[in-house]
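Before any comments, here is the structure.
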Number of protein chains: 2
Amino acid sequence: MNNKFIRIYEDIAADIRTGEIEAGTLLPSELDLSEQYQTSRETIRKALKMLYEEGYIQKIQGKGSIVLDIRKIDFPISGLVSFKELAQKMGHRAKTYVNVFEDREVDQNLFKQIGFALNENVWEIVRVRNVDGEHVILDKDYISQKLVPGLSKEICNNSIYEYIEGELGLAISFAKKEILVEEPTEEDRKWLDLDGFHNVVVVRSQVYLEDASPFQYTESRHRPDKFKFVDFARRR
Amino acid sequence: MNNKFIRIYEDIAADIRTGEIEAGTLLPSELDLSEQYQTSRETIRKALKMLYEEGYIQKIQGKGSIVLDIRKIDFPISGLVSFKELAQKMGHRAKTYVNVFEDREVDQNLFKQIGFALNENVWEIVRVRNVDGEHVILDKDYISQKLVPGLSKEICNNSIYEYIEGELGLAISFAKKEILVEEPTEEDRKWLDLDGFHNVVVVRSQVYLEDASPFQYTESRHRPDKFKFVDFARRR
DNA sequence: AAGTGGTCTAGACCACGCT
DNA sequence: GCGTGGTCTAGACCACTTC
């Protein structure tokens with residue numbers, strides 16, 4: 001509620017979503033908007049930059065800001081969005097089973113694989129995600145104990161992100177992610193319903209807090225028919 | 001060469017890439033940089049915003065701008081980067097074969113699948129990408145003839161993007177992308193070396209020009225062992 | 001309290017599209 | 001030529017981290 005440019009962004013974004021401002025039309029000019037919102041043009045430009053980055057508008061020099069078709073807001077599966085949020089949004093019956101929850105020291109092997117320091121203590125968590133009655137995702141997490149103390153099996157059963165952001169008040173900020181297709185491992189075959197499937201889609205992410213400290217390494221292993229990744233990219 | 005803030009961005013980005021500015025250290029303060037570059041603080045902030053968006057730095061209020069470890073940031077395969085650029089960057093021996101190049105009218109069937117208007121004329125292009133001696137990617141393109149006139153088989157053999165941006169002077173702006181894993185079709189089996197593979201990774205993209213007109217629909221079908229997608233995402 | 005980044009302003013000039 | 005967005009400035013005040 002504090003920032004003027006965010007209020008303006010939200011105001012215009014809402015109008016676009018509801019269709020009050022139609023796709024294909026031009027927004028009022030920056031000068032008009034600055035008068036309309038009783039603010040400076042730079043502040044309007046900040047709000048428009050946000051609308052641009054979120055895919056609401058396209059700006060054309062000399063012409064104006066075109067309102068784009070509201071894109072289907074489909075979320076990337078796994079990564080910066082928690083599984084719980086995602087399942088709810090998609091309207092699926094989802095369950096989580098915690099198979100492994102252990103206090104573990106980072107050894108040579110783990111060190112090479114993930115981004116943590118040697119001998120640091122991490123939580124090792126293996127969870128199976130059941131969607132509409134089938135075990136389709138295997139999540140393997142390594143979470144820094146220093147940054148996220150007091151984790152428990154019960155919390156993992158619910159949402160780890162809710163605990164971290166809600167209880168601990170930490171802000172998750174960015175992630176590096178890699179998507180590959182691999183042969184199922186023994187572990188995959190053990191936990192997932194892979195009847196007839198010859199591959200799993202593996203999403204490896206390193207997740208960072210706002211102060212750039214790496215707090216989580218995740219390997220999310222999906223049955224291929226249940227995997228979908230949606231992206232909106234601007235050319236750089 | 002024109003914009004001050006872009007020059008500053010490139011200058012600092014280069015220093016980070018070469019390691020001259022080390023990951024984990026802080027950049028000079030915005031005030032210092034504005035003196036160093038003989039410019040205003042807002043201009044420095046624009047350059048830093050770019051560095052932030054590209055994953056070079058993390059900004060922390062009251063503290064400074066932390067330099068991130070950029071090494072793992074790679075290029076997304078297919079999409080807004082052309083295959084030619086990509087193959088060169090990765091250092092692969094890559095070849096392209098144009099199997100189909102046709103003038104086609106958008107019928108009911110095509111209309112449902114892609115984003116173009118009924119009865120519009122499009123180029124239908126099917127190309128096989130050979131990387132290091134194997135046929136591993138099948139690209140199916142539909143390109144608007146109205147927006148991209150004068151396309152030819154020869155151009156497709158080289159780089160379509162170079163033609164569009166170079167010859168025609170059009171600016172490619174953004175894309176909606178979807179990644180799924182599917183069963184190979186007859187067409188996949190015909191053109192790709194799929195011996196022993198049971199799936200293909202399908203990347204569907206709708207690509208838009210700067211004025212928000214959709215000019216290309218692409219289906220890029222990858223042999224799973226040759227697929228890799230790397231992403232850097234910030235939480236919204 | 002000092003130093004950092006975050007927001008906001010009012011104004012200037014430039015580059016581009018349109019007619 | 002006029003209206004549009006793009007860049008840049010110099011300065012103000014606020015919010016946060018650190019000492």
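Going through the structure tokens in order, the chains are called A, B, and so on, while each chain numbers its residues from 1 and the ligands are numbered from 1 in the order shown.
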
Find the nearest atom pair between each residue of chain C and chain A for residues within 10 Å, count only C-alpha atoms (C1' of nucleotides), give distances in Å to one decimal, sort rows by chain and ascending number, and present the table as CSV.
residue,atom,partner,partner_atom,distance
C:DG6,C1',A:Asn3,CA,9.9
C:DT7,C1',A:Asn3,CA,7.6
C:DC8,C1',A:Thr43,CA,7.0
C:DT9,C1',A:Ser40,CA,6.2
C:DA10,C1',A:Ser40,CA,7.5
C:DA15,C1',A:Gln61,CA,8.1
C:DC16,C1',A:Gly62,CA,4.8
C:DG17,C1',A:Gly62,CA,5.0
C:DC18,C1',A:Lys63,CA,8.3

Check your understanding: Would you list which chain D residues are within 12 Å of chain A using only C-alpha atoms (C1' of nucleotides), as an MDAnalysis selection string?
Key -> chainID D and resid 2:8 14:15

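Rounded to one decimal, C1' of DC13 (chain D) and CA of Lys49 (chain A) lie 23.4 Å from each other.
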
Check your understanding: Which parts of region 3-116 of chain A does DSSP call alpha helix (DSSP H) when run on the backbone here, written out as a PyMOL selection string?
Key -> chain A and resi 4-18+30-36+41-53+83-90+108-113

Need to verify the contact set: Asn121 (chain B), 6 Å, only C-alpha atoms (C1' of nucleotides), exclusion of same-chain residues closer than 2 positions in sequence. Can you return it as a PDB file with all heavy atoms, in the first residue's frame?
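Generated output (selection_30.pdb):
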ATOM      1  N   ARG B 104       1.160 -22.177 -47.450  1.00  0.00           N
ATOM      2  CA  ARG B 104      -0.030 -22.870 -46.981  1.00  0.00           C
ATOM      3  C   ARG B 104      -1.068 -21.924 -46.411  1.00  0.00           C
ATOM      4  O   ARG B 104      -0.724 -20.936 -45.760  1.00  0.00           O
ATOM      5  CB  ARG B 104       0.404 -23.870 -45.899  1.00  0.00           C
ATOM      6  CG  ARG B 104      -0.665 -24.854 -45.584  1.00  0.00           C
ATOM      7  CD  ARG B 104      -0.131 -25.981 -44.746  1.00  0.00           C
ATOM      8  NE  ARG B 104      -1.240 -26.573 -44.012  1.00  0.00           N
ATOM      9  CZ  ARG B 104      -1.125 -27.503 -43.104  1.00  0.00           C
ATOM     10  NH1 ARG B 104       0.060 -27.971 -42.784  1.00  0.00           N
ATOM     11  NH2 ARG B 104      -2.180 -27.973 -42.493  1.00  0.00           N
ATOM     12  N   GLU B 105      -2.333 -22.248 -46.644  1.00  0.00           N
ATOM     13  CA  GLU B 105      -3.412 -21.435 -46.092  1.00  0.00           C
ATOM     14  C   GLU B 105      -3.818 -22.020 -44.744  1.00  0.00           C
ATOM     15  O   GLU B 105      -3.859 -23.235 -44.582  1.00  0.00           O
ATOM     16  CB  GLU B 105      -4.601 -21.447 -47.053  1.00  0.00           C
ATOM     17  CG  GLU B 105      -5.593 -20.333 -46.801  1.00  0.00           C
ATOM     18  CD  GLU B 105      -6.670 -20.311 -47.893  1.00  0.00           C
ATOM     19  OE1 GLU B 105      -6.372 -20.724 -49.031  1.00  0.00           O
ATOM     20  OE2 GLU B 105      -7.795 -19.914 -47.586  1.00  0.00           O
ATOM     21  N   GLN B 145       2.987 -14.875 -43.665  1.00  0.00           N
ATOM     22  CA  GLN B 145       3.527 -14.361 -44.931  1.00  0.00           C
ATOM     23  C   GLN B 145       3.340 -12.865 -45.042  1.00  0.00           C
ATOM     24  O   GLN B 145       4.124 -12.172 -45.690  1.00  0.00           O
ATOM     25  CB  GLN B 145       2.841 -15.060 -46.113  1.00  0.00           C
ATOM     26  CG  GLN B 145       3.263 -16.504 -46.272  1.00  0.00           C
ATOM     27  CD  GLN B 145       2.838 -17.097 -47.598  1.00  0.00           C
ATOM     28  OE1 GLN B 145       2.594 -16.375 -48.553  1.00  0.00           O
ATOM     29  NE2 GLN B 145       2.760 -18.422 -47.654  1.00  0.00           N
TER      30      GLN B 145
END

Exercise for review: Report as a list in words the set of chain B residues whose atoms approach chain A to within 7 Å, with distances computed over only C-alpha atoms.
Suggested key: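 Listing them in order of chain and number gives Gln58, Ile60, Leu80, Ser173, Phe174, Ala175, Lys176, Lys177, Glu178, Ile179, Leu180, Val181, His198, Asp211, Ala212, Pro224, Asp225, Phe227, Lys228, Phe229, Val230, Asp231, Phe232, Ala233, Arg234 and Arg235 of chain B.
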
**Study point:** Point-to-point distance in Å for CA of Asn99 (chain B) and CA of Lys190 (chain B)
**Key:**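 Calculated distance between CA of Lys190 (chain B) and CA of Asn99 (chain B) is 11.2 Å.
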
Practice item. Could you pull out the residues in region 21-148 of chain B that DSSP calls strand (DSSP E) from the backbone, as a VMD selection string? Key: chain B and resid 57 to 60 64 to 67 94 to 105 121 to 131 134 to 144

**Study point:** Spatial neighbours of region 130-137 of chain B, max dist 6 Å, only C-alpha atoms (C1' of nucleotides), sep filter under 3 positions, as a PyMOL selection string
**Key:** chain B and resi 93-95+192-193+221-223

Atoms kept (C-alpha atoms) for selection, written as a CSV table (one decimal), in the first residue's frame:
chain,number,residue,atom,x,y,z
B,93,ARG,CA,29.0,-29.0,-35.2
B,94,ALA,CA,25.5,-28.3,-36.3
B,95,LYS,CA,23.7,-28.7,-39.6
B,192,LEU,CA,14.9,-38.1,-36.0
B,193,ASP,CA,17.4,-40.7,-34.8
B,221,ARG,CA,10.8,-31.5,-30.9
B,222,HIS,CA,13.9,-32.7,-29.1
B,223,ARG,CA,15.4,-36.1,-28.5

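You can rank A:Tyr142, A:Tyr9, A:Tyr52, A:Trp191 by their closest distance to Gln216 (chain A) using only C-alpha atoms, and at the top of that list sits A:Tyr142.
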
Check your understanding: How many Å lie between CA of Leu27 (chain B) and C1' of DA10 (chain D), rounded to one decimal?
Key ->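 Computing it gives 22.9 Å between the two atoms.
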
As an mmCIF file with all heavy atoms, in the first residue's frame, please: the residues near Glu167 (chain A) (cut-off 12 Å, only C-alpha atoms (C1' of nucleotides), same-chain neighbours under 5 positions excluded).
data_model
loop_
_atom_site.group_PDB
_atom_site.id
_atom_site.type_symbol
_atom_site.label_atom_id
_atom_site.label_comp_id
_atom_site.auth_asym_id
_atom_site.auth_seq_id
_atom_site.Cartn_x
_atom_site.Cartn_y
_atom_site.Cartn_z
ATOM 1 N N VAL A 148 17.697 -22.383 8.142
ATOM 2 C CA VAL A 148 16.336 -22.827 8.438
ATOM 3 C C VAL A 148 16.349 -23.802 9.611
ATOM 4 O O VAL A 148 16.246 -25.005 9.420
ATOM 5 C CB VAL A 148 15.688 -23.488 7.196
ATOM 6 C CG1 VAL A 148 14.231 -23.820 7.459
ATOM 7 C CG2 VAL A 148 15.794 -22.580 5.977
ATOM 8 N N PRO A 149 16.474 -23.288 10.823
ATOM 9 C CA PRO A 149 16.498 -24.168 11.992
ATOM 10 C C PRO A 149 15.081 -24.636 12.338
ATOM 11 O O PRO A 149 14.105 -24.046 11.887
ATOM 12 C CB PRO A 149 17.056 -23.256 13.084
ATOM 13 C CG PRO A 149 16.636 -21.880 12.681
ATOM 14 C CD PRO A 149 16.596 -21.871 11.172
ATOM 15 N N GLY A 150 15.029 -25.709 13.084
ATOM 16 C CA GLY A 150 13.737 -26.118 13.645
ATOM 17 C C GLY A 150 12.772 -26.731 12.666
ATOM 18 O O GLY A 150 11.571 -26.775 12.916
ATOM 19 N N LEU A 151 13.279 -27.228 11.538
ATOM 20 C CA LEU A 151 12.395 -27.905 10.603
ATOM 21 C C LEU A 151 11.978 -29.253 11.193
ATOM 22 O O LEU A 151 12.710 -29.849 11.968
ATOM 23 C CB LEU A 151 13.142 -28.118 9.280
ATOM 24 C CG LEU A 151 12.304 -28.167 8.005
ATOM 25 C CD1 LEU A 151 11.502 -26.895 7.861
ATOM 26 C CD2 LEU A 151 13.205 -28.341 6.797
ATOM 27 N N ILE A 155 6.204 -30.211 9.459
ATOM 28 C CA ILE A 155 6.222 -29.031 8.594
ATOM 29 C C ILE A 155 6.366 -29.455 7.131
ATOM 30 O O ILE A 155 5.698 -28.924 6.247
ATOM 31 C CB ILE A 155 7.377 -28.088 8.994
ATOM 32 C CG1 ILE A 155 7.113 -27.525 10.392
ATOM 33 C CG2 ILE A 155 7.507 -26.942 7.999
ATOM 34 C CD1 ILE A 155 8.288 -26.813 11.006
ATOM 35 N N SER A 159 3.662 -27.229 4.187
ATOM 36 C CA SER A 159 4.438 -26.484 3.202
ATOM 37 C C SER A 159 5.683 -25.908 3.852
ATOM 38 O O SER A 159 5.601 -25.140 4.802
ATOM 39 C CB SER A 159 3.599 -25.350 2.614
ATOM 40 O OG SER A 159 4.416 -24.488 1.854
ATOM 41 N N ILE A 160 6.849 -26.314 3.331
ATOM 42 C CA ILE A 160 8.103 -25.802 3.876
ATOM 43 C C ILE A 160 8.219 -24.302 3.629
ATOM 44 O O ILE A 160 8.672 -23.556 4.491
ATOM 45 C CB ILE A 160 9.310 -26.516 3.223
ATOM 46 C CG1 ILE A 160 9.275 -28.004 3.566
ATOM 47 C CG2 ILE A 160 10.621 -25.916 3.698
ATOM 48 C CD1 ILE A 160 10.435 -28.784 2.992
ATOM 49 N N TYR A 161 7.747 -23.849 2.462
ATOM 50 C CA TYR A 161 7.850 -22.426 2.128
ATOM 51 C C TYR A 161 7.015 -21.560 3.066
ATOM 52 O O TYR A 161 7.421 -20.470 3.438
ATOM 53 C CB TYR A 161 7.446 -22.189 0.678
ATOM 54 C CG TYR A 161 8.592 -22.380 -0.288
ATOM 55 C CD1 TYR A 161 9.621 -23.278 -0.013
ATOM 56 C CD2 TYR A 161 8.678 -21.650 -1.459
ATOM 57 C CE1 TYR A 161 10.674 -23.452 -0.878
ATOM 58 C CE2 TYR A 161 9.744 -21.818 -2.339
ATOM 59 C CZ TYR A 161 10.735 -22.717 -2.039
ATOM 60 O OH TYR A 161 11.782 -22.874 -2.902
ATOM 61 N N GLU A 162 5.850 -22.075 3.426
ATOM 62 C CA GLU A 162 5.028 -21.321 4.365
ATOM 63 C C GLU A 162 5.748 -21.144 5.688
ATOM 64 O O GLU A 162 5.691 -20.081 6.307
ATOM 65 C CB GLU A 162 3.692 -22.037 4.588
ATOM 66 C CG GLU A 162 2.554 -21.474 3.750
ATOM 67 C CD GLU A 162 1.288 -22.305 3.885
ATOM 68 O OE1 GLU A 162 0.966 -22.746 5.005
ATOM 69 O OE2 GLU A 162 0.630 -22.516 2.856
#
